[in-house]
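What's in query_17.cif: mmCIF, C-alpha atoms
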```
data_my_file
#
loop_
_atom_site.label_atom_id
_atom_site.label_comp_id
_atom_site.auth_asym_id
_atom_site.auth_seq_id
_atom_site.Cartn_x
_atom_site.Cartn_y
_atom_site.Cartn_z
CA MET C 1 38.11 -29.02 72.81
CA ILE C 2 39.91 -31.16 70.22
CA SER C 3 43.57 -30.44 69.65
CA TRP C 4 46.35 -31.83 67.49
CA PRO C 5 50.12 -31.44 67.16
CA ASP C 6 52.03 -30.42 64.01
CA CYS C 7 51.04 -32.88 61.25
CA TRP C 8 53.85 -34.07 58.98
CA PHE C 9 53.93 -36.06 55.76
CA GLY C 10 57.41 -37.56 55.59
CA ASN C 11 59.68 -34.66 56.56
CA GLN C 12 57.30 -31.95 55.29
CA LEU C 13 55.12 -29.99 57.73
CA ILE C 14 51.59 -30.04 56.28
CA VAL C 15 49.33 -28.68 59.04
CA ARG C 16 50.38 -26.64 62.08
CA ALA C 17 49.27 -27.62 65.59
CA GLY C 18 45.86 -26.26 66.54
CA ASP C 19 42.52 -26.94 68.16
CA LEU C 20 38.79 -26.57 67.61
CA SER C 21 36.02 -26.21 70.14
CA CYS C 22 33.38 -28.73 68.89
CA ASP C 23 30.68 -26.45 70.30
CA SER C 24 28.19 -27.76 67.71
CA PRO C 25 27.37 -31.44 67.26
CA VAL C 26 28.96 -31.25 63.81
CA SER C 27 32.14 -29.33 62.96
CA LEU C 28 33.13 -28.68 59.40
CA ILE C 29 36.70 -28.20 58.18
CA SER C 30 37.03 -26.98 54.62
CA GLY C 31 39.97 -26.11 52.44
CA ASN C 32 41.28 -26.42 48.92
CA SER C 33 42.23 -29.79 47.47
CA GLY C 34 45.69 -30.93 48.58
CA ILE C 35 45.93 -28.50 51.50
CA GLY C 36 46.18 -31.31 54.05
CA LYS C 37 42.63 -32.01 55.22
CA THR C 38 43.09 -35.79 55.28
CA THR C 39 46.52 -35.44 56.95
CA LEU C 40 44.85 -33.30 59.64
CA LEU C 41 42.12 -35.91 60.21
CA ARG C 42 44.75 -38.64 60.66
CA GLY C 43 46.61 -36.34 63.06
CA ILE C 44 43.43 -35.68 65.09
CA CYS C 45 42.64 -39.41 65.11
CA LEU C 46 46.09 -40.41 66.39
CA HIS C 47 46.39 -37.58 68.90
CA ASN C 48 42.94 -38.22 70.39
CA ALA C 49 43.24 -41.99 70.84
CA ALA C 50 42.03 -41.60 74.45
CA LEU C 51 38.75 -40.24 73.04
CA ASN C 52 38.41 -43.43 71.00
CA ALA C 53 38.37 -41.34 67.81
CA ARG C 54 37.28 -43.24 64.70
CA LEU C 55 37.97 -42.16 61.14
CA VAL C 56 35.62 -42.96 58.24
CA PHE C 57 37.83 -42.91 55.16
CA GLN C 58 36.97 -41.20 51.87
CA GLU C 59 37.28 -44.60 50.22
CA PRO C 60 34.81 -46.58 52.32
CA THR C 61 37.37 -49.35 53.14
CA LEU C 62 34.69 -51.95 53.74
CA LEU C 63 36.20 -55.42 53.38
CA PRO C 64 34.92 -56.57 49.94
CA TRP C 65 35.00 -60.29 50.83
CA LEU C 66 32.55 -59.84 53.72
CA SER C 67 28.84 -59.01 53.67
CA VAL C 68 27.58 -55.73 55.12
CA THR C 69 26.58 -57.47 58.38
CA GLU C 70 29.96 -59.23 58.62
CA ASN C 71 31.70 -55.88 58.10
CA LEU C 72 29.72 -54.41 60.98
CA LYS C 73 30.47 -57.44 63.17
CA ILE C 74 34.19 -56.58 63.02
CA VAL C 75 33.56 -53.67 65.37
CA CYS C 76 30.34 -54.71 67.16
CA ASN C 77 28.75 -58.10 67.76
CA ASP C 78 25.32 -56.79 68.80
CA GLU C 79 23.06 -57.70 65.87
CA ARG C 80 20.17 -55.70 67.31
CA LEU C 81 22.31 -52.57 67.03
CA HIS C 82 23.22 -53.47 63.44
CA GLU C 83 19.54 -53.71 62.54
CA GLN C 84 18.71 -50.52 64.40
CA TRP C 85 21.37 -48.44 62.64
CA LEU C 86 20.88 -49.99 59.21
CA ASP C 87 17.17 -49.28 59.59
CA LEU C 88 17.88 -45.67 60.61
CA PHE C 89 20.09 -45.25 57.53
CA ASP C 90 17.46 -47.00 55.34
CA LEU C 91 19.95 -49.75 54.47
CA SER C 92 18.31 -52.85 56.03
CA HIS C 93 17.66 -54.34 52.57
CA VAL C 94 21.39 -54.58 51.76
CA SER C 95 22.59 -56.23 54.98
CA SER C 96 23.38 -59.56 53.28
CA LEU C 97 25.08 -58.04 50.21
CA ARG C 98 28.78 -57.48 49.74
CA PRO C 99 30.29 -53.98 49.27
CA GLY C 100 31.08 -54.63 45.59
CA GLN C 101 27.35 -55.07 44.96
CA LEU C 102 26.53 -51.61 46.37
CA SER C 103 26.86 -48.06 45.06
CA LEU C 104 29.60 -45.77 46.39
CA GLY C 105 26.99 -43.72 48.28
CA MET C 106 25.66 -46.82 50.07
CA GLN C 107 29.20 -47.97 50.89
CA ARG C 108 29.98 -44.56 52.43
CA ARG C 109 26.82 -44.66 54.55
CA ILE C 110 27.61 -48.20 55.74
CA ALA C 111 31.15 -47.09 56.61
CA ILE C 112 29.57 -44.36 58.78
CA VAL C 113 27.35 -46.98 60.49
CA ARG C 114 30.49 -49.05 61.14
CA GLY C 115 32.23 -46.00 62.57
CA ILE C 116 29.33 -45.34 64.96
CA LEU C 117 29.04 -49.02 65.98
CA ALA C 118 32.71 -48.87 67.10
CA ARG C 119 31.38 -46.64 69.96
CA PRO C 120 33.67 -43.68 69.29
CA GLY C 121 34.09 -40.61 71.47
CA LEU C 122 34.73 -38.64 68.28
CA LEU C 123 33.75 -39.48 64.70
CA LEU C 124 35.82 -38.10 61.81
CA LEU C 125 34.44 -38.15 58.27
CA ASP C 126 36.86 -37.64 55.38
CA GLU C 127 35.20 -36.04 52.33
CA PRO C 128 31.96 -38.06 52.71
CA SER C 129 30.20 -36.25 49.83
CA ALA C 130 33.03 -36.54 47.27
CA SER C 131 31.99 -38.05 43.90
CA LEU C 132 28.31 -38.37 44.91
CA ASP C 133 25.36 -37.02 42.92
CA PRO C 134 23.05 -34.46 44.64
CA GLU C 135 20.43 -37.11 45.49
CA ASN C 136 23.01 -39.27 47.29
CA VAL C 137 24.53 -36.23 49.01
CA GLY C 138 21.02 -35.41 50.34
CA ARG C 139 20.63 -38.94 51.76
CA LEU C 140 24.10 -38.79 53.29
CA ILE C 141 23.42 -35.45 55.04
CA THR C 142 20.14 -36.83 56.44
CA ASN C 143 22.05 -39.87 57.75
CA ILE C 144 24.84 -37.78 59.31
CA GLN C 145 22.19 -35.65 61.04
CA ALA C 146 20.46 -38.80 62.36
CA ALA C 147 23.81 -40.28 63.47
CA SER C 148 24.67 -37.10 65.36
CA THR C 149 21.26 -36.89 67.09
CA GLU C 150 21.01 -40.59 67.99
CA SER C 151 24.60 -41.25 69.04
CA ARG C 152 25.41 -37.79 70.53
CA VAL C 153 28.97 -38.33 69.30
CA PRO C 154 30.80 -35.15 68.16
CA ILE C 155 31.39 -35.36 64.42
CA ILE C 156 34.11 -33.59 62.45
CA VAL C 157 33.67 -33.52 58.68
CA VAL C 158 36.37 -32.39 56.25
CA THR C 159 35.23 -31.33 52.82
CA HIS C 160 36.19 -29.08 49.95
CA ASN C 161 32.50 -28.36 49.41
CA PRO C 162 31.08 -26.90 52.65
CA ALA C 163 27.80 -25.81 51.00
CA ASP C 164 26.74 -29.49 50.91
CA PHE C 165 26.63 -29.56 54.72
CA ALA C 166 24.92 -26.21 55.51
CA ARG C 167 21.76 -28.08 56.57
CA LEU C 168 23.65 -29.56 59.55
CA ASP C 169 24.24 -26.08 61.01
CA PRO C 170 27.88 -26.89 61.75
CA SER C 171 30.69 -24.91 63.36
CA CYS C 172 32.82 -24.00 60.36
CA TYR C 173 36.61 -23.91 60.15
CA GLU C 174 38.92 -23.37 57.23
CA LEU C 175 42.44 -24.56 56.52
CA VAL C 176 44.56 -21.93 54.77
CA GLY C 177 48.22 -21.34 54.01
CA LYS C 178 51.23 -23.55 53.54
CA PRO C 179 51.83 -25.16 55.99
CA ALA C 180 48.10 -24.96 56.66
CA GLU C 181 46.63 -23.34 59.76
CA ILE C 182 43.05 -23.59 60.95
CA PHE C 183 40.76 -20.57 61.35
CA ARG C 184 37.16 -20.31 62.49
CA VAL C 185 34.92 -18.98 59.72
CA MET R 1 33.74 -82.13 35.03
CA ARG R 2 32.95 -80.06 32.00
CA PHE R 3 32.05 -81.63 28.66
CA ALA R 4 35.06 -80.09 26.84
CA THR R 5 37.48 -81.41 29.50
CA THR R 6 36.03 -84.93 29.22
CA ILE R 7 36.24 -84.97 25.43
CA SER R 8 39.77 -83.53 25.56
CA LEU R 9 40.97 -86.30 27.92
CA VAL R 10 39.27 -89.00 25.82
CA VAL R 11 41.01 -87.65 22.69
CA LEU R 12 44.35 -87.73 24.57
CA VAL R 13 43.86 -91.40 25.52
CA ILE R 14 42.84 -92.30 21.93
CA THR R 15 45.92 -90.49 20.57
CA TRP R 16 48.10 -92.40 23.05
CA GLY R 17 46.49 -95.70 21.93
CA ILE R 18 46.99 -95.00 18.23
CA THR R 19 50.60 -93.86 18.69
CA SER R 20 51.40 -96.89 20.83
CA HIS R 21 49.79 -99.22 18.26
CA LEU R 22 51.85 -97.64 15.47
CA ALA R 23 55.08 -97.81 17.53
CA GLN R 24 54.66 -101.58 18.19
CA SER R 25 57.24 -101.43 21.00
CA ASP R 26 57.41 -102.88 24.54
CA ALA R 27 58.89 -99.53 25.60
CA PHE R 28 55.64 -97.75 24.76
CA PRO R 29 52.58 -99.75 25.91
CA GLY R 30 49.07 -98.51 25.10
CA PRO R 31 46.30 -97.41 27.48
CA VAL R 32 44.59 -100.82 27.49
CA ALA R 33 47.74 -102.67 28.65
CA VAL R 34 48.46 -100.02 31.28
CA GLY R 35 44.83 -100.03 32.43
CA GLN R 36 44.94 -103.80 32.88
CA LYS R 37 48.08 -103.50 35.03
CA ILE R 38 46.41 -100.84 37.18
CA LEU R 39 43.42 -103.17 37.76
CA GLN R 40 45.75 -106.10 38.47
CA GLU R 41 47.85 -104.17 41.01
CA GLY R 42 44.72 -102.69 42.54
CA ALA R 43 43.19 -106.15 42.95
CA ASN R 44 46.26 -107.65 44.65
CA GLY R 45 46.60 -104.64 46.98
CA GLU R 46 50.13 -103.59 45.98
CA LEU R 47 48.93 -100.40 44.29
CA TRP R 48 47.15 -99.13 47.42
CA ILE R 49 50.18 -99.77 49.67
CA HIS R 50 52.55 -97.78 47.47
CA LEU R 51 49.97 -95.14 46.59
CA GLY R 52 49.34 -94.65 50.32
CA ALA R 53 53.06 -94.43 51.12
CA THR R 54 53.68 -91.76 48.48
CA PHE R 55 50.51 -89.91 49.36
CA GLY R 56 51.49 -89.80 53.05
CA ARG R 57 54.93 -88.38 52.21
CA VAL R 58 53.39 -85.79 49.87
CA LEU R 59 50.96 -84.66 52.60
CA VAL R 60 53.59 -84.40 55.37
CA ALA R 61 56.26 -82.82 53.15
CA PHE R 62 53.89 -80.39 51.48
CA GLY R 63 52.23 -79.49 54.80
CA LEU R 64 55.61 -78.62 56.32
CA ALA R 65 56.82 -76.81 53.17
CA TRP R 66 53.53 -74.87 53.13
CA ALA R 67 53.88 -73.79 56.79
CA VAL R 68 57.58 -72.86 56.48
CA GLY R 69 57.05 -71.15 53.09
CA ILE R 70 54.11 -69.07 54.33
CA ALA R 71 56.00 -67.97 57.46
CA ILE R 72 59.06 -66.92 55.41
CA GLY R 73 56.91 -65.29 52.69
CA VAL R 74 54.91 -63.21 55.20
CA ALA R 75 58.07 -62.13 57.05
CA LEU R 76 59.85 -61.05 53.85
CA GLY R 77 56.72 -59.44 52.42
CA ARG R 78 56.05 -57.34 55.55
CA SER R 79 59.60 -56.28 56.38
CA ASP R 80 61.87 -54.54 53.87
CA THR R 81 64.85 -55.12 56.18
CA LEU R 82 64.26 -58.89 56.37
CA ASP R 83 63.66 -58.94 52.62
CA ARG R 84 66.93 -57.14 51.88
CA TRP R 85 68.90 -59.56 54.09
CA PHE R 86 67.18 -62.89 53.46
CA TRP R 87 65.64 -62.74 49.97
CA PRO R 88 69.06 -63.74 48.44
CA TRP R 89 68.99 -66.87 50.64
CA VAL R 90 65.51 -67.84 49.44
CA ASN R 91 66.53 -67.14 45.85
CA THR R 92 69.63 -69.33 46.23
CA PHE R 93 67.59 -72.29 47.50
CA LEU R 94 64.99 -71.63 44.79
CA ASN R 95 67.65 -72.19 42.15
CA MET R 96 69.36 -75.16 43.78
CA PRO R 97 68.79 -78.42 41.83
CA ALA R 98 66.34 -80.74 43.64
CA LEU R 99 68.58 -83.74 43.06
CA VAL R 100 71.52 -82.08 44.86
CA ILE R 101 69.38 -81.32 47.92
CA ILE R 102 68.02 -84.89 48.00
CA VAL R 103 71.51 -86.42 47.80
CA ILE R 104 72.89 -84.07 50.49
CA CYS R 105 69.96 -84.86 52.85
CA TYR R 106 70.44 -88.64 52.37
CA LEU R 107 74.21 -88.32 52.88
CA GLY R 108 73.79 -86.13 55.95
CA LEU R 109 70.87 -87.82 57.69
CA GLY R 110 71.01 -91.32 56.25
CA MET R 111 68.31 -93.06 54.18
CA THR R 112 65.54 -92.16 56.63
CA GLU R 113 61.96 -91.02 56.22
CA TRP R 114 62.80 -87.63 57.76
CA ALA R 115 65.70 -87.08 55.36
CA ALA R 116 63.26 -87.68 52.51
CA VAL R 117 60.69 -85.25 53.91
CA LEU R 118 63.34 -82.62 54.74
CA ALA R 119 64.70 -82.80 51.19
CA VAL R 120 61.24 -82.00 49.80
CA VAL R 121 60.63 -79.21 52.32
CA ILE R 122 63.97 -77.54 51.43
CA ASN R 123 63.09 -77.89 47.76
CA LYS R 124 59.54 -76.57 47.94
CA ALA R 125 59.40 -74.02 50.78
CA PRO R 126 61.30 -71.34 48.77
CA LEU R 127 58.75 -71.56 45.93
CA ILE R 128 55.82 -71.17 48.34
CA ALA R 129 57.66 -68.35 50.17
CA THR R 130 58.16 -66.52 46.87
CA ASN R 131 54.46 -66.76 46.00
CA VAL R 132 53.34 -65.60 49.44
CA ARG R 133 55.93 -62.77 49.55
CA ASP R 134 54.59 -61.45 46.23
CA GLY R 135 51.04 -61.66 47.60
CA VAL R 136 51.89 -59.86 50.84
CA ARG R 137 53.62 -57.07 48.88
CA GLN R 138 50.34 -56.44 47.06
CA PHE R 139 48.34 -55.98 50.27
CA GLU R 140 46.28 -52.80 50.18
CA THR R 141 47.61 -50.37 52.80
CA ARG R 142 44.15 -48.87 53.36
CA TYR R 143 43.00 -52.12 55.02
CA ASP R 144 46.03 -52.02 57.33
CA GLU R 145 45.18 -48.42 58.20
CA PHE R 146 41.58 -49.40 58.89
CA ALA R 147 42.79 -52.25 61.14
CA SER R 148 45.05 -49.88 63.01
CA ILE R 149 42.47 -47.10 63.54
CA TYR R 150 39.70 -49.55 64.50
CA ARG R 151 42.17 -51.43 66.74
CA LEU R 152 41.64 -54.89 65.30
CA SER R 153 43.40 -57.69 67.18
CA TRP R 154 46.21 -59.67 65.49
CA ILE R 155 43.89 -62.64 65.03
CA GLN R 156 41.29 -60.40 63.34
CA ARG R 157 43.95 -58.88 61.09
CA VAL R 158 45.24 -62.27 59.97
CA ARG R 159 41.79 -63.88 59.57
CA LEU R 160 39.81 -60.96 58.12
CA ILE R 161 42.41 -58.92 56.21
CA TRP R 162 45.55 -60.90 55.40
CA ILE R 163 44.21 -64.35 54.46
CA PRO R 164 41.48 -63.08 52.07
CA GLN R 165 44.05 -60.92 50.24
CA LEU R 166 46.48 -63.85 50.10
CA GLU R 167 43.95 -66.43 48.85
CA PRO R 168 44.81 -66.27 45.10
CA PHE R 169 48.52 -66.61 45.91
CA LEU R 170 47.90 -69.45 48.38
CA PHE R 171 45.93 -71.38 45.76
CA THR R 172 48.65 -70.83 43.15
CA ALA R 173 51.22 -72.06 45.69
CA LEU R 174 48.96 -75.03 46.51
CA ARG R 175 48.62 -76.09 42.87
CA THR R 176 52.20 -75.64 41.75
CA GLY R 177 53.51 -76.83 45.11
CA LEU R 178 51.48 -80.06 45.15
CA SER R 179 52.29 -81.02 41.57
CA LEU R 180 56.01 -80.35 42.04
CA THR R 181 56.12 -81.98 45.48
CA TRP R 182 54.91 -85.34 44.27
CA LYS R 183 57.35 -85.31 41.38
CA ILE R 184 60.24 -84.67 43.79
CA ILE R 185 58.89 -87.32 46.18
CA LEU R 186 59.15 -89.82 43.33
CA VAL R 187 62.87 -89.02 42.92
CA VAL R 188 63.35 -89.23 46.70
CA GLU R 189 61.67 -92.65 46.76
CA LEU R 190 63.57 -93.81 43.72
CA LEU R 191 66.90 -92.94 45.35
CA GLY R 192 66.37 -94.12 48.88
CA ARG R 193 63.02 -95.55 50.01
CA SER R 194 61.62 -99.09 50.00
CA SER R 195 57.99 -98.14 49.38
CA GLY R 196 56.02 -95.70 47.26
CA ILE R 197 55.43 -95.02 43.60
CA GLY R 198 59.06 -93.92 43.06
CA PHE R 199 60.32 -97.19 44.55
CA GLN R 200 58.02 -99.19 42.23
CA VAL R 201 59.15 -97.16 39.21
CA HIS R 202 62.77 -97.99 40.13
CA LEU R 203 61.93 -101.68 40.62
CA TYR R 204 60.13 -102.07 37.28
CA PHE R 205 62.81 -99.97 35.52
CA GLN R 206 65.30 -102.69 36.53
CA LEU R 207 62.87 -105.35 35.25
CA PHE R 208 62.22 -103.29 32.09
CA GLU R 209 58.42 -103.47 32.60
CA VAL R 210 57.34 -100.15 31.15
CA ASP R 211 53.62 -100.98 31.45
CA MET R 212 54.03 -101.33 35.25
CA ILE R 213 56.02 -98.07 35.43
CA LEU R 214 53.23 -96.28 33.57
CA ALA R 215 50.54 -98.04 35.63
CA TYR R 216 51.96 -96.74 38.94
CA ALA R 217 52.74 -93.26 37.61
CA LEU R 218 49.31 -92.93 35.99
CA SER R 219 47.55 -94.07 39.18
CA PHE R 220 49.15 -91.28 41.14
CA MET R 221 48.43 -88.71 38.42
CA ILE R 222 44.76 -89.75 38.52
CA ALA R 223 44.74 -89.50 42.33
CA MET R 224 46.23 -85.99 42.23
CA GLN R 225 43.77 -84.91 39.54
CA LEU R 226 40.90 -86.21 41.68
CA ILE R 227 42.17 -84.11 44.61
CA GLU R 228 42.14 -81.08 42.31
CA TRP R 229 38.56 -81.75 41.15
CA VAL R 230 37.08 -82.91 44.45
CA ALA R 231 38.86 -80.66 46.98
CA VAL R 232 41.00 -77.83 45.60
CA ARG R 233 38.77 -76.41 42.88
CA PRO R 234 35.47 -76.46 44.87
CA LEU R 235 37.25 -74.84 47.83
CA GLU R 236 38.77 -72.20 45.58
CA GLN R 237 35.41 -71.46 43.96
CA ARG R 238 33.77 -71.11 47.38
CA VAL R 239 36.31 -68.72 48.87
CA GLN R 240 36.65 -66.65 45.68
CA GLN R 241 32.90 -66.34 45.04
CA TRP R 242 32.92 -62.69 46.15
CA ARG R 243 35.19 -61.74 43.24
CA LYS R 244 32.72 -63.19 40.72
CA ASP R 245 29.78 -61.49 42.45
CA ASP R 246 31.60 -58.16 42.29
CA GLN R 247 32.37 -58.58 38.60
CA LEU R 248 28.69 -59.35 37.90
CA ALA R 249 27.59 -56.33 39.95
#
```
Rewrite the structure of this file - the entire thing - as structure tokens.
Amino acid sequence: MISWPDCWFGNQLIVRAGDLSCDSPVSLISGNSGIGKTTLLRGICLHNAALNARLVFQEPTLLPWLSVTENLKIVCNDERLHEQWLDLFDLSHVSSLRPGQLSLGMQRRIAIVRGILARPGLLLLDEPSASLDPENVGRLITNIQAASTESRVPIIVVTHNPADFARLDPSCYELVGKPAEIFRV
Amino acid sequence: MRFATTISLVVLVITWGITSHLAQSDAFPGPVAVGQKILQEGANGELWIHLGATFGRVLVAFGLAWAVGIAIGVALGRSDTLDRWFWPWVNTFLNMPALVIIVICYLGLGMTEWAAVLAVVINKAPLIATNVRDGVRQFETRYDEFASIYRLSWIQRVRLIWIPQLEPFLFTALRTGLSLTWKIILVVELLGRSSGIGFQVHLYFQLFEVDMILAYALSFMIAMQLIEWVAVRPLEQRVQQWRKDDQLA
């Protein structure tokens, strides 16, 4: 069970306190744009620090002055694990390149690898399919499925396009209202 | 050195030669006369002694100004409270005439080496602090958030996130700081030291030997330019390579 307190932005209540069961390997939280999905993810991340929760941002936030391998080294020094995960995500060929030399889809997938290499107890993905073409969304879903199976880490994805993730057979939740509340769908 | 730069410098020297020839004045010697004096002073060893003395002061003073300026710049850039309270202080020192600070340091501490260095540090640290403060204020908050969520240590934050974002501002501070530091050092030496390029300029000013004044000043300008070509620019190109790669991609 993952819970969170009231989530505020400044002095405005955005998302009410709640919880979700994580009874599937992947849980999906959907909602309209601007409803507070990202605020909720930050709230979950902060409130579940004991779980070692790690957030993969919508903007990949890889450090542009470091190569892919150097970015992974920030959270994990085991180069064998880097190779293993890059191979699993079909990204071995870009390990020496810098983020600015990669497409947005590749950067997102590397950010997910970095999140997993940080050995989280809970992985949170913020709009991972946003601004990607269908081909890249397909690759991303395959990678998230592989990450879930291999790492056995519970994954929570927020998205405004839940249809993209149907293949993962997730537990689905929806944020509605203002301030937003979460409901199982 | 690029072809255009070489040609440009050659044209400058030729222009200087022609102007000097037309002026026909002891107060404006040409490049050949000045070059001969440089060779003469180099051969008798005087040039290296004074060049070394000035260079040592520039390194110590600039190193200290750099360290103090970066510390102040980071503190003001990261904390709005500190910035509100102490930015007016930095701004005051930024606008204080260098000559006034030099005279006050010599009067307060005597004609010592440390008074000279302190005068330069007080003059230059505010400029470096201003550059660094502006750089820190442009840090991207998403990298700070990443560092916080992924629990990066302070050393990792400084080394991997802060310094790379500060690099362009540090190089600007290095360039402007170095060029201004050595000019202030010359005034410091002229007013109260018994060695260095500034001291020699003062000496030959009293003897009205303009060719010697230009010989010493030009030697140091050449030395500083060599530092730019041999050390600063290659280092800058190396650490900023990722920006060029990104633009190409």
- Message: Starting from the PyMOL selection byres ((chain R) within 8 of (chain C)), expand the selection into actual residues of this file and give them as a VMD selection string.
- Response: chain R and resid 142 to 143 146 149 to 150 152 161 164 242 to 243 245 to 246 249
- Would you work out the distance separating CA of Ala173 in chain R from CA of Ala129 in chain R, expressed in Å to one decimal? 8.7 Å
- Residue contacts of Trp85 in chain C (12 Å, all atoms listed in the file) excluding same-chain residues fewer than 2 positions away, as a PyMOL selection string: chain C and resi 69+72+76+78-83+87-92+95+109-117+143-144+146-147+150-151
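For the file shown, the residue list from the PyMOL selection byres ((chain R and resi 188) around 10) reads Ala98, Leu99, Ile102, Val103, Tyr106, Met111, Glu113, Ala115, Ala116, Val117, Ala119, Val120, Trp182, Lys183, Ile184, Ile185, Leu186, Val187, Glu189, Leu190, Leu191, Gly192, Arg193, Gly196, Gly198 and Phe199 of chain R.
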- Query: Between R:Ser219, R:Gln240, R:Gln165, R:Gln200, which is the closest to Ile38 in chain R once you count only C-alpha atoms?
  - Reply: R:Ser219
- Task: With a distance cut-off of 8 Å and all atoms listed in the file, select the neighbouring residues of range 127-140 of chain C, excluding the residue or stretch itself and same-chain residues fewer than 4 positions from it, and output the selection as a PyMOL selection string.
- Result: chain C and resi 57-58+104-105+108-109+144+157-160+164
- Which is closer to Leu13 in chain C than all the others in C:Leu28, C:Val68, C:Ala180, C:Leu41, using only C-alpha atoms?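 Nearest to Leu13 in chain C: C:Ala180.
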- In terms of all atoms listed in the file, the residue from C:Thr38, C:Gln12, C:Ser3, C:Ser30 at minimal distance from Val185 in chain C is C:Ser30
- Task: Please evaluate the PyMOL selection byres ((chain R and resi 236) around 12) against the displayed coordinates and give the resulting residues as a PyMOL selection string.
- Result: chain R and resi 164+167-172+174-175+228-235+237-244
- Query: CA of Ala215 in chain R and CA of Gln36 in chain R, how far apart in Å?
  - Reply: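 Going from CA of Gln36 in chain R over to CA of Ala215 in chain R, I get 8.5 Å.
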- For Arg184 in chain C, please output as a PyMOL selection string all residues within 12 Å (counting all atoms listed in the file; exclusion window: fewer than 5 positions along the same chain). chain C and resi 18-23+27-31+170-176
Per-axis box centre and lengths in Å around range 110-122 of chain C, 5 Å margin per side, axis-aligned, as JSON:
```
{"center_x": 31.0, "center_y": -43.8, "center_z": 63.6, "size_x": 17.4, "size_y": 20.4, "size_z": 25.7}
```
- Which is closest to Leu214 in chain R among R:Ile104, R:Leu64, R:Gly35, R:Phe55, if we use all atoms listed in the file?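 Under the stated criterion, the closest residue is R:Gly35.
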- Task: Give me the residues within 9 Å of Val74 in chain R as a ChimeraX atom specification, counting only C-alpha atoms and dropping any in the same chain fewer than 4 places off.
- Result: /R:69-70,78-79,129,132-133,135-137
- Task: Tell me, in Å to one decimal, how far CA of Arg152 in chain C is from CA of Gly121 in chain C.
- Result: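 CA of Gly121 in chain C lies at a distance of 9.2 Å from CA of Arg152 in chain C.
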- So which residues touch Pro126 in chain R within 6 Å, counting only C-alpha atoms, skipping near sequence neighbours fewer than 2 positions away, as a ChimeraX atom specification? /R:90,94,124,128-129
- Counting all atoms listed in the file, note down every residue that has an atom within 6 Å of the point (51.6, -26.4, 59.4) (file coordinates), as a list in words.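 Counting all atoms listed in the file, I find these residues within 6 Å of (51.6, -26.4, 59.4): Leu13, Ile14, Val15, Arg16, Pro179, Ala180 and Glu181 of chain C.
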